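Undergrad: Sharing query-v7.txt, compact mmCIF, C-alpha atoms:
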# COMPACT_ATOMS: atom_id res chain seq x y z
CA MET A 1167 75.30 77.69 101.87
CA GLU A 1168 75.87 77.83 98.12
CA ASN A 1169 79.47 78.91 98.53
CA GLU A 1170 80.02 75.96 100.77
CA VAL A 1171 78.59 73.86 98.01
CA TYR A 1172 80.99 75.41 95.51
CA ALA A 1173 83.94 74.88 97.77
CA PHE A 1174 82.81 71.35 98.41
CA ALA A 1175 82.36 70.65 94.70
CA LEU A 1176 85.82 72.01 93.94
CA GLU A 1177 87.40 70.14 96.81
CA THR A 1178 85.78 66.95 95.59
CA ALA A 1179 87.10 67.63 92.12
CA LEU A 1180 90.58 68.20 93.54
CA SER A 1181 90.53 64.94 95.42
CA GLU A 1182 89.26 63.16 92.30
CA ILE A 1183 92.23 64.57 90.43
CA GLN A 1184 94.51 63.22 93.12
CA ASN A 1185 92.83 59.85 92.85
CA LEU A 1186 93.46 59.88 89.13
CA CYS A 1187 97.03 61.10 89.49
CA PRO A 1188 98.51 60.02 92.81
CA GLU A 1189 101.65 61.87 91.79
CA ILE A 1190 99.83 65.10 92.60
CA THR A 1191 100.76 65.66 96.19
CA HIS A 1192 99.06 69.00 96.78
CA SER A 1193 96.48 71.02 94.95
CA PHE A 1194 94.42 74.08 95.72
CA ILE A 1195 92.70 77.01 94.09
CA PHE A 1196 92.95 80.69 94.88
CA THR A 1197 91.57 83.86 93.38
CA HIS A 1198 93.50 86.68 91.78
CA ASP A 1199 92.99 88.66 94.98
CA GLY A 1200 94.77 85.97 96.94
CA GLU A 1201 91.64 84.51 98.50
CA LEU A 1202 91.68 80.75 98.99
CA LEU A 1203 88.78 79.04 97.29
CA ALA A 1204 89.34 75.33 97.80
CA GLY A 1205 92.11 73.00 98.72
CA ASP A 1206 92.81 69.34 99.12
CA LYS A 1207 93.01 67.65 102.47
CA ALA A 1208 96.76 67.16 102.29
CA THR A 1209 97.54 70.85 102.22
CA ASP A 1210 97.01 72.89 105.31
CA ARG A 1211 95.67 76.40 105.07
CA LYS A 1212 98.86 77.92 106.41
CA THR A 1213 100.89 76.43 103.57
CA MET A 1214 98.37 77.63 101.02
CA VAL A 1215 98.51 81.15 102.44
CA ARG A 1216 102.30 81.12 102.30
CA VAL A 1217 102.25 79.97 98.69
CA VAL A 1218 99.78 82.66 97.72
CA ASP A 1219 101.87 85.25 99.56
CA SER A 1220 105.01 84.22 97.78
CA PHE A 1221 103.32 84.84 94.44
CA ASP A 1222 102.17 88.30 95.42
CA GLY A 1223 105.03 90.11 93.73
CA VAL A 1224 104.72 88.08 90.56
CA LEU A 1225 100.96 88.53 90.31
CA GLU A 1226 101.21 92.24 91.01
CA LYS A 1227 103.52 92.81 88.10
CA ALA A 1228 101.89 90.18 85.89
CA ASP A 1229 100.58 92.88 83.60
CA SER A 1230 104.07 93.57 82.36
CA LEU A 1231 104.06 90.04 80.89
CA GLY A 1232 100.55 90.51 79.57
CA GLY A 1233 98.93 88.60 82.41
CA ILE A 1234 99.85 85.16 83.64
CA GLU A 1235 98.82 81.92 81.99
CA GLU A 1236 101.02 79.53 83.88
CA ILE A 1237 103.94 79.38 86.29
CA THR A 1238 106.07 76.27 86.46
CA LEU A 1239 108.71 75.69 89.06
CA GLN A 1240 110.91 72.73 88.32
CA GLY A 1241 112.69 71.35 91.35
CA SER A 1242 115.10 68.45 91.54
CA LYS A 1243 112.49 66.29 93.31
CA GLY A 1244 109.26 67.65 91.97
CA ARG A 1245 107.38 70.41 90.29
CA VAL A 1246 104.97 73.18 91.30
CA GLN A 1247 102.58 74.49 88.76
CA VAL A 1248 100.25 77.46 88.97
CA SER A 1249 97.73 77.56 86.17
CA CYS A 1250 95.31 80.30 85.41
CA ILE A 1251 92.05 78.39 85.09
CA ASN A 1252 89.85 81.32 84.31
CA LYS A 1253 90.18 85.08 84.40
CA ASN A 1254 90.20 85.21 88.14
CA LEU A 1255 91.29 81.82 89.45
CA TYR A 1256 94.60 80.07 89.80
CA MET A 1257 95.13 76.44 90.55
CA VAL A 1258 98.29 75.21 92.24
CA THR A 1259 99.40 71.62 91.76
CA VAL A 1260 102.46 70.07 93.27
CA THR A 1261 103.68 66.87 91.69
CA SER A 1262 106.45 64.44 92.35
CA LYS A 1263 109.32 63.94 89.94
CA LYS A 1264 107.71 60.81 88.55
CA ALA A 1265 104.58 62.60 87.38
CA ASP A 1266 103.93 62.88 83.70
CA PRO A 1267 103.33 66.61 83.23
CA THR A 1268 101.24 66.09 80.13
CA TYR A 1269 98.88 63.74 81.91
CA VAL A 1270 98.69 65.92 85.01
CA ASN A 1271 97.94 68.96 82.88
CA MET A 1272 95.36 67.11 80.90
CA VAL A 1273 93.50 65.95 83.96
CA SER A 1274 93.69 69.14 85.99
CA ARG A 1275 93.04 71.44 83.07
CA VAL A 1276 89.97 69.56 82.04
CA LEU A 1277 88.35 68.59 85.29
CA ILE A 1278 88.55 71.81 87.25
CA PRO A 1279 87.52 74.13 84.42
CA THR A 1280 84.60 71.80 83.73
CA VAL A 1281 83.47 71.97 87.32
CA LEU A 1282 83.90 75.73 87.31
CA LYS A 1283 81.97 76.11 84.10
CA MET A 1284 79.22 73.99 85.48
CA LEU A 1285 79.09 75.99 88.70
CA GLU A 1286 79.11 79.23 86.79
CA LYS A 1287 76.31 77.99 84.60
CA LEU A 1288 74.31 77.05 87.63
CA ASN A 1289 74.85 80.32 89.32
CA PRO A 1290 76.90 82.91 87.46
CA THR A 1291 77.11 85.51 90.18
CA SER A 1292 78.33 83.30 92.92
CA LEU A 1293 81.85 82.75 91.69
CA LYS A 1294 82.22 86.43 91.04
CA ASN A 1295 81.36 87.17 94.63
CA THR A 1296 83.50 84.44 96.03
CA PHE A 1297 82.68 83.83 99.62
CA PRO A 1298 80.72 86.90 100.53
CA GLN A 1299 79.67 87.12 104.15
CA LYS A 1300 76.33 85.75 103.22
CA ASN A 1301 75.59 84.07 106.48
CA GLU A 1302 75.79 87.35 108.29
CA ILE A 1303 73.41 88.88 105.84
CA LEU A 1304 70.96 86.07 106.04
CA GLU A 1305 70.98 86.17 109.76
CA LYS A 1306 69.94 89.78 109.84
CA PRO A 1307 66.38 90.22 111.04
CA LYS A 1308 63.82 90.54 108.32
CA PRO A 1309 62.78 94.14 107.90
CA GLU A 1310 59.29 95.45 107.70
CA LEU A 1311 58.05 95.51 104.14
CA GLU A 1312 60.01 97.92 102.02
CA PRO A 1313 58.96 98.52 98.45
CA GLU A 1314 61.98 97.28 96.53
CA PRO A 1315 60.53 94.31 94.74
CA GLU A 1316 62.85 94.57 91.72
CA LYS A 1317 65.92 93.39 93.54
CA PRO A 1318 66.32 89.65 93.76
CA GLU A 1319 66.95 87.85 96.99
CA ILE A 1320 70.29 86.14 96.82
CA ASP A 1321 69.27 82.95 98.48
CA LEU A 1322 66.76 82.34 95.75
CA LYS A 1323 69.51 81.76 93.25
CA LEU A 1324 69.87 78.17 94.14
CA ASP A 1325 66.76 77.40 95.95
CA LEU A 1326 63.91 79.02 94.16
CA PRO A 1327 64.31 79.24 90.48
CA ALA A 1328 61.73 77.73 88.23
CA GLU A 1329 58.21 78.55 87.43
CA VAL A 1330 58.29 75.53 85.23
CA SER A 1331 57.12 72.00 85.21
CA LEU A 1332 59.66 69.47 86.24
CA GLU A 1333 60.20 67.95 82.85
CA LYS A 1334 63.52 68.85 81.39
CA THR A 1335 63.82 70.52 78.01
CA GLU A 1336 66.33 72.96 76.71
CA GLU A 1337 63.74 75.69 76.51
CA LYS A 1338 63.04 75.21 80.14
CA GLU A 1339 66.71 75.48 80.84
CA GLU A 1340 66.48 78.99 79.43
CA GLU A 1341 63.54 79.70 81.62
CA LEU A 1342 65.61 78.56 84.52
CA SER A 1343 67.88 81.52 84.18
CA PRO A 1344 65.20 84.02 84.91
CA GLU A 1345 65.34 87.79 85.09
CA PRO A 1346 66.31 87.97 88.74
CA TRP A 1347 69.82 86.90 87.85
CA LYS A 1348 70.72 89.51 85.26
CA PRO A 1349 74.43 90.08 85.85
CA GLU A 1350 74.21 93.82 85.45
CA GLU A 1351 71.76 93.84 88.29
CA GLU A 1352 74.42 92.47 90.58
CA PRO A 1353 72.36 92.12 93.66
CA VAL A 1354 73.45 94.17 96.61
CA LEU A 1355 73.09 91.88 99.55
CA GLU A 1356 70.69 93.87 101.57
CA GLU A 1357 68.02 93.11 104.01
CA THR A 1358 65.48 94.89 101.87
CA GLU A 1359 65.40 92.02 99.43
CA GLU A 1360 63.55 89.57 101.59
CA PRO A 1361 59.94 90.62 101.01
CA GLU A 1362 59.84 88.92 97.59
CA LEU A 1363 59.44 85.53 99.14
CA PRO A 1364 55.75 85.65 99.94
CA GLU A 1365 54.99 86.97 96.45
CA LYS A 1366 55.96 83.68 94.85
CA PRO A 1367 54.40 81.08 97.06
CA LEU A 1368 53.69 78.63 94.28
CA GLU A 1369 57.22 78.29 92.96
CA ILE A 1370 58.71 74.90 93.28
CA PRO A 1371 61.99 75.13 95.12
CA THR A 1372 65.02 73.61 93.51
CA SER A 1373 68.42 72.96 94.99
CA GLN A 1374 71.69 71.93 93.50
CA LEU A 1375 73.19 69.10 95.45
CA ILE A 1376 76.37 67.12 95.20
CA VAL A 1377 76.05 63.51 94.30
CA ASP A 1378 77.25 60.94 96.75
CA THR A 1379 76.55 57.26 96.52
CA ILE A 1380 74.96 55.05 99.07
CA GLY A 1381 75.21 51.28 99.16
CA GLY A 1382 74.57 48.30 101.34
CA LEU A 1383 72.07 45.50 101.76
CA LEU A 1384 69.48 47.53 103.58
CA VAL A 1385 69.54 50.42 101.15
CA LYS A 1386 66.44 50.80 99.06
CA GLY A 1387 67.26 51.22 95.42
CA ASP A 1388 64.50 53.74 94.77
CA THR A 1389 65.13 56.09 97.67
CA VAL A 1390 67.61 58.93 97.81
CA ARG A 1391 68.69 60.73 100.93
CA ILE A 1392 68.82 64.49 101.44
CA ASP A 1393 69.37 66.76 104.43
CA LYS A 1394 66.38 66.84 106.72
CA ASN A 1395 66.59 70.62 106.97
CA LEU A 1396 66.21 70.97 103.25
CA LEU A 1397 63.26 68.59 103.15
CA ASP A 1398 61.57 70.50 105.96
CA GLU A 1399 62.24 73.77 104.19
CA TRP A 1400 60.72 72.44 100.99
CA ALA A 1401 57.74 71.06 102.83
CA GLU A 1402 57.15 74.46 104.37
CA LEU A 1403 57.53 76.27 101.07
CA CYS A 1404 55.22 73.88 99.28
CA GLY A 1405 52.71 73.80 102.09
CA GLU A 1406 53.07 70.07 102.40
CA GLU A 1407 53.38 68.06 105.53
CA LYS A 1408 56.25 66.00 104.28
CA ILE A 1409 58.20 65.65 101.06
CA LYS A 1410 58.02 62.05 100.02
CA GLU A 1411 59.36 62.21 96.49
CA VAL A 1412 61.83 64.31 94.59
CA GLU A 1413 62.78 64.84 91.03
CA ILE A 1414 66.46 64.71 90.18
CA GLU A 1415 67.68 66.41 87.09
CA THR A 1416 71.22 66.06 85.79
CA PHE A 1417 72.94 68.65 83.67
CA THR A 1418 72.88 66.33 80.73
CA GLY A 1419 69.12 66.46 80.86
CA GLN A 1420 68.40 63.13 82.55
CA THR A 1421 65.55 63.25 85.00
CA VAL A 1422 64.21 60.76 87.43
CA GLN A 1423 61.58 60.75 90.11
CA CYS A 1424 62.21 58.81 93.25
CA LYS A 1425 61.42 58.55 96.90
CA VAL A 1426 63.34 60.58 99.42
CA LYS A 1427 64.29 60.21 103.04
CA PRO A 1428 66.40 62.39 105.30
CA ILE A 1429 70.08 61.68 105.76
CA THR A 1430 70.58 59.99 109.09
CA ASP A 1431 74.34 59.57 109.13
CA SER A 1432 75.74 62.68 110.83
CA LYS A 1433 78.88 62.49 108.69
CA TYR A 1434 76.89 63.45 105.63
CA LYS A 1435 74.55 65.99 107.18
CA ASP A 1436 74.58 69.65 106.14
CA LYS A 1437 77.08 69.06 103.38
CA GLY A 1438 74.75 69.81 100.52
CA LEU A 1439 74.76 66.18 99.44
CA ILE A 1440 72.27 63.93 97.80
CA ARG A 1441 73.04 60.30 98.53
CA ILE A 1442 71.91 58.21 95.61
CA PRO A 1443 71.80 54.40 95.48
CA GLU A 1444 74.36 53.00 93.06
CA LYS A 1445 71.78 51.64 90.64
CA LEU A 1446 69.97 54.93 90.40
CA ARG A 1447 73.25 56.78 90.03
CA ARG A 1448 74.12 54.64 87.03
CA LYS A 1449 70.69 55.22 85.58
CA LEU A 1450 71.18 58.97 85.85
CA ASP A 1451 74.70 58.64 84.52
CA VAL A 1452 76.22 60.91 87.13
CA LYS A 1453 79.41 60.51 89.12
CA ARG A 1454 80.20 61.24 92.72
CA GLY A 1455 80.95 64.91 93.22
CA GLU A 1456 78.87 66.04 90.29
CA LEU A 1457 76.01 68.43 90.82
CA VAL A 1458 72.37 67.65 90.16
CA ARG A 1459 69.29 69.74 90.43
CA VAL A 1460 66.78 68.42 92.91
CA SER A 1461 63.24 69.58 93.50
CA PRO A 1462 60.43 68.18 95.53
CA TRP A 1463 57.86 66.22 93.56
CA ILE A 1464 54.35 67.13 94.52
CA GLU A 1465 51.27 65.64 92.90
CA PRO A 1466 49.79 68.44 90.84
CA LYS A 1467 46.28 69.46 91.70
CA ASN A 1468 43.49 68.74 89.22
CA GLU A 1469 43.54 72.24 87.70
CA GLU A 1470 47.24 72.12 87.19
CA LYS A 1471 46.95 68.69 85.65
CA GLU A 1472 44.46 69.98 83.12
CA GLU A 1473 46.69 72.93 82.27
CA LYS A 1474 49.62 70.66 81.74
CA GLU A 1475 47.64 68.40 79.51
CA LYS A 1476 46.60 71.40 77.43
CA GLU A 1477 50.16 72.54 77.15
CA SER A 1478 51.38 69.17 76.08
CA MET B 1280 151.87 75.90 116.13
CA PRO B 1281 152.96 74.80 112.66
CA ARG B 1282 149.68 72.87 112.28
CA LYS B 1283 147.66 76.07 112.72
CA LYS B 1284 149.60 77.80 110.00
CA ILE B 1285 148.85 75.04 107.52
CA THR B 1286 145.12 75.26 108.22
CA GLN B 1287 145.11 79.00 107.62
CA GLU B 1288 146.89 78.62 104.34
CA ILE B 1289 144.44 76.02 103.16
CA ALA B 1290 141.48 78.19 104.11
CA VAL B 1291 142.84 81.12 102.13
CA GLU B 1292 143.48 78.97 99.13
CA THR B 1293 139.94 77.55 99.16
CA ALA B 1294 138.46 81.03 99.30
CA LEU B 1295 140.55 82.04 96.32
CA ILE B 1296 139.43 79.01 94.35
CA GLU B 1297 135.76 79.70 95.17
CA ASN B 1298 136.08 83.31 94.00
CA LYS B 1299 137.71 82.12 90.85
CA THR B 1300 134.97 79.57 90.02
CA GLU B 1301 132.30 82.15 90.76
CA GLY B 1302 134.03 84.53 88.50
CA THR B 1303 134.29 82.00 85.75
CA ASP B 1304 130.66 80.95 86.17
CA ALA B 1305 129.54 84.54 85.80
CA GLU B 1306 131.76 84.95 82.80
CA LYS B 1307 130.42 81.81 81.21
CA ILE B 1308 126.85 82.90 81.83
CA ARG B 1309 127.59 86.30 80.32
CA ALA B 1310 129.10 84.66 77.29
CA ASN B 1311 126.06 82.40 76.92
CA LEU B 1312 123.75 85.37 77.27
CA GLU B 1313 125.59 87.19 74.52
CA LYS B 1314 125.07 84.15 72.32
CA ILE B 1315 121.35 83.78 72.96
CA LYS B 1316 120.75 87.52 72.73
CA SER B 1317 120.98 87.34 68.97
CA ASN B 1318 118.11 84.86 68.95
CA GLN B 1319 114.98 86.55 67.69
CA GLU B 1320 112.87 84.89 70.35
CA VAL B 1321 114.85 86.56 73.13
CA VAL B 1322 113.39 89.84 74.31
CA GLY B 1323 116.10 90.50 76.85
CA TYR B 1324 117.66 89.38 80.08
CA ILE B 1325 118.45 90.42 83.62
CA PHE B 1326 121.51 88.92 85.18
CA ARG B 1327 122.74 89.67 88.65
CA ASN B 1328 125.01 88.28 91.30
CA THR B 1329 126.32 89.60 94.57
CA THR B 1330 128.70 92.01 92.94
CA SER B 1331 127.21 93.02 89.62
CA ALA B 1332 124.14 93.17 87.44
CA ALA B 1333 123.57 93.26 83.72
CA ILE B 1334 120.34 94.19 82.04
CA ASP B 1335 119.66 94.06 78.37
CA LEU B 1336 116.08 94.57 77.24
CA LYS B 1337 114.71 95.48 73.86
CA ASP B 1338 112.12 97.68 75.57
CA PRO B 1339 113.96 99.63 78.29
CA SER B 1340 110.71 101.07 79.66
CA LYS B 1341 109.97 97.69 81.16
CA ILE B 1342 113.19 97.36 83.12
CA ILE B 1343 111.64 98.03 86.53
CA ASP B 1344 108.63 95.80 86.05
CA TYR B 1345 110.71 92.97 84.67
CA ALA B 1346 113.25 93.32 87.46
CA ILE B 1347 110.49 93.03 90.08
CA VAL B 1348 108.91 90.03 88.38
CA SER B 1349 112.30 88.41 88.04
CA SER B 1350 113.32 88.78 91.67
CA SER B 1351 109.82 87.90 92.94
CA ALA B 1352 109.82 84.75 90.86
CA LEU B 1353 113.22 83.67 92.11
CA ASP B 1354 112.22 84.35 95.71
CA ALA B 1355 108.97 82.45 95.23
CA ALA B 1356 110.89 79.54 93.73
CA GLU B 1357 113.09 79.32 96.78
CA LYS B 1358 110.16 79.49 99.20
CA LEU B 1359 108.07 76.96 97.33
CA SER B 1360 110.82 74.43 96.95
CA GLU B 1361 111.26 74.60 100.72
CA LEU B 1362 107.55 74.48 101.47
CA PHE B 1363 106.81 71.50 99.29
CA ASN B 1364 110.15 69.82 99.65
CA ILE B 1365 110.75 69.55 95.93
CA GLY B 1366 114.53 69.81 96.22
CA THR B 1367 116.67 72.47 94.60
CA ALA B 1368 114.76 74.84 92.39
CA ASN B 1369 116.20 74.26 88.93
CA HIS B 1370 114.26 76.91 87.12
CA ILE B 1371 110.96 78.74 87.09
CA ILE B 1372 109.01 79.62 83.99
CA ILE B 1373 106.31 82.22 83.90
CA GLN B 1374 104.18 81.92 80.85
CA GLY B 1375 102.63 85.32 80.25
CA LYS B 1376 100.14 86.12 77.58
CA ASP B 1377 102.68 88.30 75.76
CA VAL B 1378 106.04 87.33 77.18
CA LYS B 1379 107.55 84.24 78.70
CA MET B 1380 110.11 84.52 81.48
CA LEU B 1381 112.65 81.88 82.33
CA SER B 1382 114.46 82.39 85.62
CA LEU B 1383 117.16 80.33 87.23
CA SER B 1384 119.66 80.53 90.02
CA MET B 1385 123.14 79.17 89.56
CA GLY B 1386 124.80 79.62 92.91
CA GLU B 1387 125.10 83.32 93.49
CA ASN B 1388 124.16 84.08 89.93
CA LYS B 1389 120.53 84.84 89.28
CA LEU B 1390 119.29 85.08 85.79
CA SER B 1391 116.02 85.83 84.03
CA VAL B 1392 115.59 85.62 80.32
CA PHE B 1393 112.55 87.15 78.67
CA LEU B 1394 111.30 85.42 75.59
CA GLU B 1395 108.60 85.73 72.99
CA LYS B 1396 105.40 84.04 74.07
CA ASN B 1397 105.85 80.97 71.92
CA ALA B 1398 109.60 80.62 72.25
CA ASP B 1399 111.11 77.23 73.02
CA HIS B 1400 112.43 77.78 76.53
CA GLU B 1401 114.00 74.32 76.70
CA LYS B 1402 116.34 75.26 73.89
CA ILE B 1403 117.34 78.46 75.67
CA LEU B 1404 117.71 76.63 78.94
CA LYS B 1405 120.14 74.15 77.39
CA LYS B 1406 122.22 76.97 76.03
CA LEU B 1407 122.33 78.69 79.39
CA LYS B 1408 123.32 75.71 81.51
CA ILE B 1409 126.97 75.74 82.42
As a first step, turn the structure in this file into C-alpha cells.

TA:
Amino acid sequence: MENEVYAFALETALSEIQNLCPEITHSFIFTHDGELLAGDKATDRKTMVRVVDSFDGVLEKADSLGGIEEITLQGSKGRVQVSCINKNLYMVTVTSKKADPTYVNMVSRVLIPTVLKMLEKLNPTSLKNTFPQKNEILEKPKPELEPEPEKPEIDLKLDLPAEVSLEKTEEKEEELSPEPWKPEEEPVLEETEEPELPEKPLEIPTSQLIVDTIGGLLVKGDTVRIDKNLLDEWAELCGEEKIKEVEIETFTGQTVQCKVKPITDSKYKDKGLIRIPEKLRRKLDVKRGELVRVSPWIEPKNEEKEEKEKES
Amino acid sequence: MPRKKITQEIAVETALIENKTEGTDAEKIRANLEKIKSNQEVVGYIFRNTTSAAIDLKDPSKIIDYAIVSSSALDAAEKLSELFNIGTANHIIIQGKDVKMLSLSMGENKLSVFLEKNADHEKILKKLKI
C-alpha cells in the first residue's frame, strides 16, 4: 500500500512538473538497478524499459567516471536528460527544442528531490526497499504466536506510529520516529512479525495520505473524504463503531480537526487519497499531491483528559 | 547501351567523392583533436570510424572502461533519439563526478572526449565541429 502511495506521490509530482513546463514531453524515474519507480501518463512502460536498457552499459561503467551526475542528449528536435536525483534514483526528462533547460532543471531538480526527501522522512526504509513484494507477505496467514517481539511489523510504518497526543510539536515529531524504525534493524519481512499488533491496542493509527481537492455546491466545507476501508480499519483498531472526525497534520506543522466521510466516487477509491474541500486546503496551506498525516480523532476518556491537562 | 555506361561512371565517381569527404572529415577531426589535446581540461579522447581508431588517454589503465562507456553512450543516444523522436543526436554529455565525457557522431566518425569535471564542454564542442 505504502509503495503505491510513493509511486502515486511521485507520479503526481511528475505530472505537476509537466503542468509547469509543458515542454517536458516525457518524464519518469528509475532506480540504479534499472527498476522503474514512477512515470508520467504519456510514457508507456515499454518505452521506459527500453530507455533504461539502453543506459545499462553506461551505468555499469559509471564508476570509471566517478559515478554519474547527469546525462544530456541533445538532439536536433529536443533533448533527453537523465539526472541523478539521489544516490540510487535517476530521473529521465524529455523536452522539446523550445524548452528552457535552466527552467526545466530548476523545476525538476527541486520538485522531485523535495518529494523524495519528504517521503524518505516519512518512511526512510521504504525507498530503500523499493517495491518489495509486500502484498504477498501481508497475505500470508498469520502464524501462531512466536516470541520475536523485537522485530517491527512493516505495515506499522505508516499506519501505527505515535504514542502521542495529536497536537503537533517538533518534539513529538521526534517521538514519531520511534525505535521500531531503526535503519540498522532493517526489518526482514517475515510472518513472525505480526504478533506485535495486539500488544499496542491503544495506539492511535496514523496514515499518510495524498491531498486531493474536492469542490462543488453540495460539498461541506468542514468534511474531508477518506477511503472507507481505512476508516473501517481505524474504527476497528480504536474500538469505535465509526470514525466521525479526523485530525490532519501537514509537514509544516499545521493541524486541523474536521469531520470525515468515506469516499464515494469510485475513481478516487483505494488511491491513498484524502479529498479536502478547497477552503480547508487553503487553511492547511497544502497543495494537491502533497502528503499529510491523518489520524482518527477520538474523544479522550476522562482519565486521559486529566493526564493531558497535567502534562500541559 | 551508351546510357548504361554513363550511369556506371557517375556511380563510381560519387563513391570516390564520398570516400574523399569521409577521409577529409576524419583528418579534420584528428587535427582538431590534436589541437584540443593540449588543453589542460582534456583528459583524453577516443576516436573511431569504420576503418580506424585512435585513443589518447592520460591514464591508459582506463582505456577499456572509457571505450565501453563511450560506445554505450553513443548507442544509447541513437536509440533514445529514435524512441523519443528528438531528431538527429547532436551530442551526448555524461557528467560524472570525476570526469565529464562528451560524445558525438559525425557520419561514420564517432568521437568521445574526456574532460575534467568542471571543463567547459561547449568550448570543446565548438572546436570539434567541422

Undergrad: Would you mind telling me which residue in B:Glu1395, B:Phe1363, B:Glu1320, B:Leu1312 lies nearest to Ile1190 of chain A when using all atoms listed in the file?

TA: B:Phe1363

Undergrad: With distances taken over only C-alpha atoms, which of A:Ser1220, A:Ser1193, A:Gln1184, A:Ser1249 is nearest to chain B?

TA: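 The shortest atom-to-atom distance to chain B comes from A:Ser1220.
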
Undergrad: Mind giving me the straight-line distance from atom CA of His1370 of chain B to atom CA of Gln1240 of chain A in Å, one decimal?

TA: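 Computing it gives 5.5 Å between the two atoms.
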
Undergrad: Please, which residues of chain B lie no more than 7 Å from chain A when the count uses only C-alpha atoms, and can they be set out as a PDB file with C-alpha atoms, keeping the file's coordinate frame?

TA:
ATOM      1  CA  ASP B1344     108.630  95.800  86.050  1.00  0.00           C
ATOM      2  CA  VAL B1348     108.910  90.030  88.380  1.00  0.00           C
ATOM      3  CA  SER B1351     109.820  87.900  92.940  1.00  0.00           C
ATOM      4  CA  ALA B1352     109.820  84.750  90.860  1.00  0.00           C
ATOM      5  CA  ALA B1355     108.970  82.450  95.230  1.00  0.00           C
ATOM      6  CA  ALA B1356     110.890  79.540  93.730  1.00  0.00           C
ATOM      7  CA  LEU B1359     108.070  76.960  97.330  1.00  0.00           C
ATOM      8  CA  SER B1360     110.820  74.430  96.950  1.00  0.00           C
ATOM      9  CA  ILE B1365     110.750  69.550  95.930  1.00  0.00           C
ATOM     10  CA  GLY B1366     114.530  69.810  96.220  1.00  0.00           C
ATOM     11  CA  THR B1367     116.670  72.470  94.600  1.00  0.00           C
ATOM     12  CA  ALA B1368     114.760  74.840  92.390  1.00  0.00           C
ATOM     13  CA  ASN B1369     116.200  74.260  88.930  1.00  0.00           C
ATOM     14  CA  HIS B1370     114.260  76.910  87.120  1.00  0.00           C
ATOM     15  CA  ILE B1371     110.960  78.740  87.090  1.00  0.00           C
ATOM     16  CA  ILE B1372     109.010  79.620  83.990  1.00  0.00           C
ATOM     17  CA  ILE B1373     106.310  82.220  83.900  1.00  0.00           C
ATOM     18  CA  GLN B1374     104.180  81.920  80.850  1.00  0.00           C
ATOM     19  CA  GLY B1375     102.630  85.320  80.250  1.00  0.00           C
ATOM     20  CA  LYS B1376     100.140  86.120  77.580  1.00  0.00           C
ATOM     21  CA  ASP B1377     102.680  88.300  75.760  1.00  0.00           C
ATOM     22  CA  VAL B1378     106.040  87.330  77.180  1.00  0.00           C
TER      23      VAL B1378
END

Undergrad: So which residues touch segment 1415-1419 of chain A within 7 Å, counting all atoms listed in the file, skipping near sequence neighbours fewer than 3 positions away, as a list in words?

TA: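 What passes the distance filter is Lys1334, Val1422, Val1458, Arg1459 and Val1460 of chain A.
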
Undergrad: Could you tell me which of A:Leu1285, A:Ile1442, A:Cys1424, A:Ala1401 comes closest to Leu1457 of chain A if we count only C-alpha atoms?

TA: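 When distances to Leu1457 of chain A are compared using only C-alpha atoms, the smallest one comes from A:Leu1285.
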
Undergrad: Write out as an MDAnalysis selection string which residues come within 8 Å of Asn1328 of chain B when counting all atoms listed in the file, dropping same-chain ones fewer than 5 positions away.

TA: chainID B and resid 1387:1389

Undergrad: Can you tell me, as a list in words, what residues are no more than 8 Å from Ile1315 of chain B when counting only C-alpha atoms, ignoring any on the same chain fewer than 4 positions away?

TA: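 The neighbour list is Asn1311, Val1321, Ile1403 and Lys1406 of chain B.
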
Undergrad: Please save C-alpha atoms of the selected residues as a short mmCIF file (atom, residue, chain, number, x, y, z; two decimals), in the frame of the given file.

TA:
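Final output, part.cif:
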data_model
loop_
_atom_site.label_atom_id
_atom_site.label_comp_id
_atom_site.auth_asym_id
_atom_site.auth_seq_id
_atom_site.Cartn_x
_atom_site.Cartn_y
_atom_site.Cartn_z
CA ASN B 1311 126.06 82.40 76.92
CA VAL B 1321 114.85 86.56 73.13
CA ILE B 1403 117.34 78.46 75.67
CA LYS B 1406 122.22 76.97 76.03
#

Undergrad: Pick from B:Gly1386, B:Lys1341, B:Asn1318, B:Ile1325: nearest to Lys1402 of chain B, with only C-alpha atoms counted?

TA: B:Asn1318

Undergrad: Could you state the separation of atom CA of Asp1210 of chain A and atom CA of Ile1278 of chain A in Å, given to one decimal place?

TA: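 If I compute the distance from atom CA of Asp1210 of chain A to atom CA of Ile1278 of chain A, I get 20.0 Å.
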
Undergrad: In Å, rounded to a single decimal, give me how far atom CA of Glu1456 of chain A is from atom CA of Asn1185 of chain A.

TA: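 Separation of atom CA of Asn1185 of chain A and atom CA of Glu1456 of chain A: 15.5 Å.
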
Undergrad: Which residue is closest to Leu1404 of chain B? Choose from B:Thr1303, B:Ile1308, B:Ser1331, B:Ser1349 and count only C-alpha atoms.

TA: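 Once distances to Leu1404 of chain B are computed over only C-alpha atoms, the minimum belongs to B:Ile1308.
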
Undergrad: For Glu1189 of chain A, which residue among A:Asn1252, A:Thr1259, A:Thr1430, A:Gln1423 is the nearest when counting only C-alpha atoms?

TA: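 The shortest atom-to-atom distance to Glu1189 of chain A comes from A:Thr1259.
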
Undergrad: N, CA and C atoms for segment 1312-1317 of chain B, written as a CSV table (one decimal), keeping the file's coordinate frame, could you do that?

TA:
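What ended up in rebuild-v5.csv:
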chain,number,residue,atom,x,y,z
B,1312,LEU,N,124.8,84.4,77.5
B,1312,LEU,CA,123.8,85.4,77.3
B,1312,LEU,C,124.0,86.1,76.0
B,1313,GLU,N,125.3,86.5,75.8
B,1313,GLU,CA,125.6,87.2,74.5
B,1313,GLU,C,125.2,86.4,73.3
B,1314,LYS,N,125.4,85.0,73.5
B,1314,LYS,CA,125.1,84.2,72.3
B,1314,LYS,C,123.6,84.1,72.1
B,1315,ILE,N,122.8,83.9,73.2
B,1315,ILE,CA,121.4,83.8,73.0
B,1315,ILE,C,120.7,85.1,72.6
B,1316,LYS,N,121.3,86.2,72.9
B,1316,LYS,CA,120.8,87.5,72.7
B,1316,LYS,C,120.4,87.7,71.3
B,1317,SER,N,121.2,87.1,70.4
B,1317,SER,CA,121.0,87.3,69.0
B,1317,SER,C,119.7,86.6,68.5
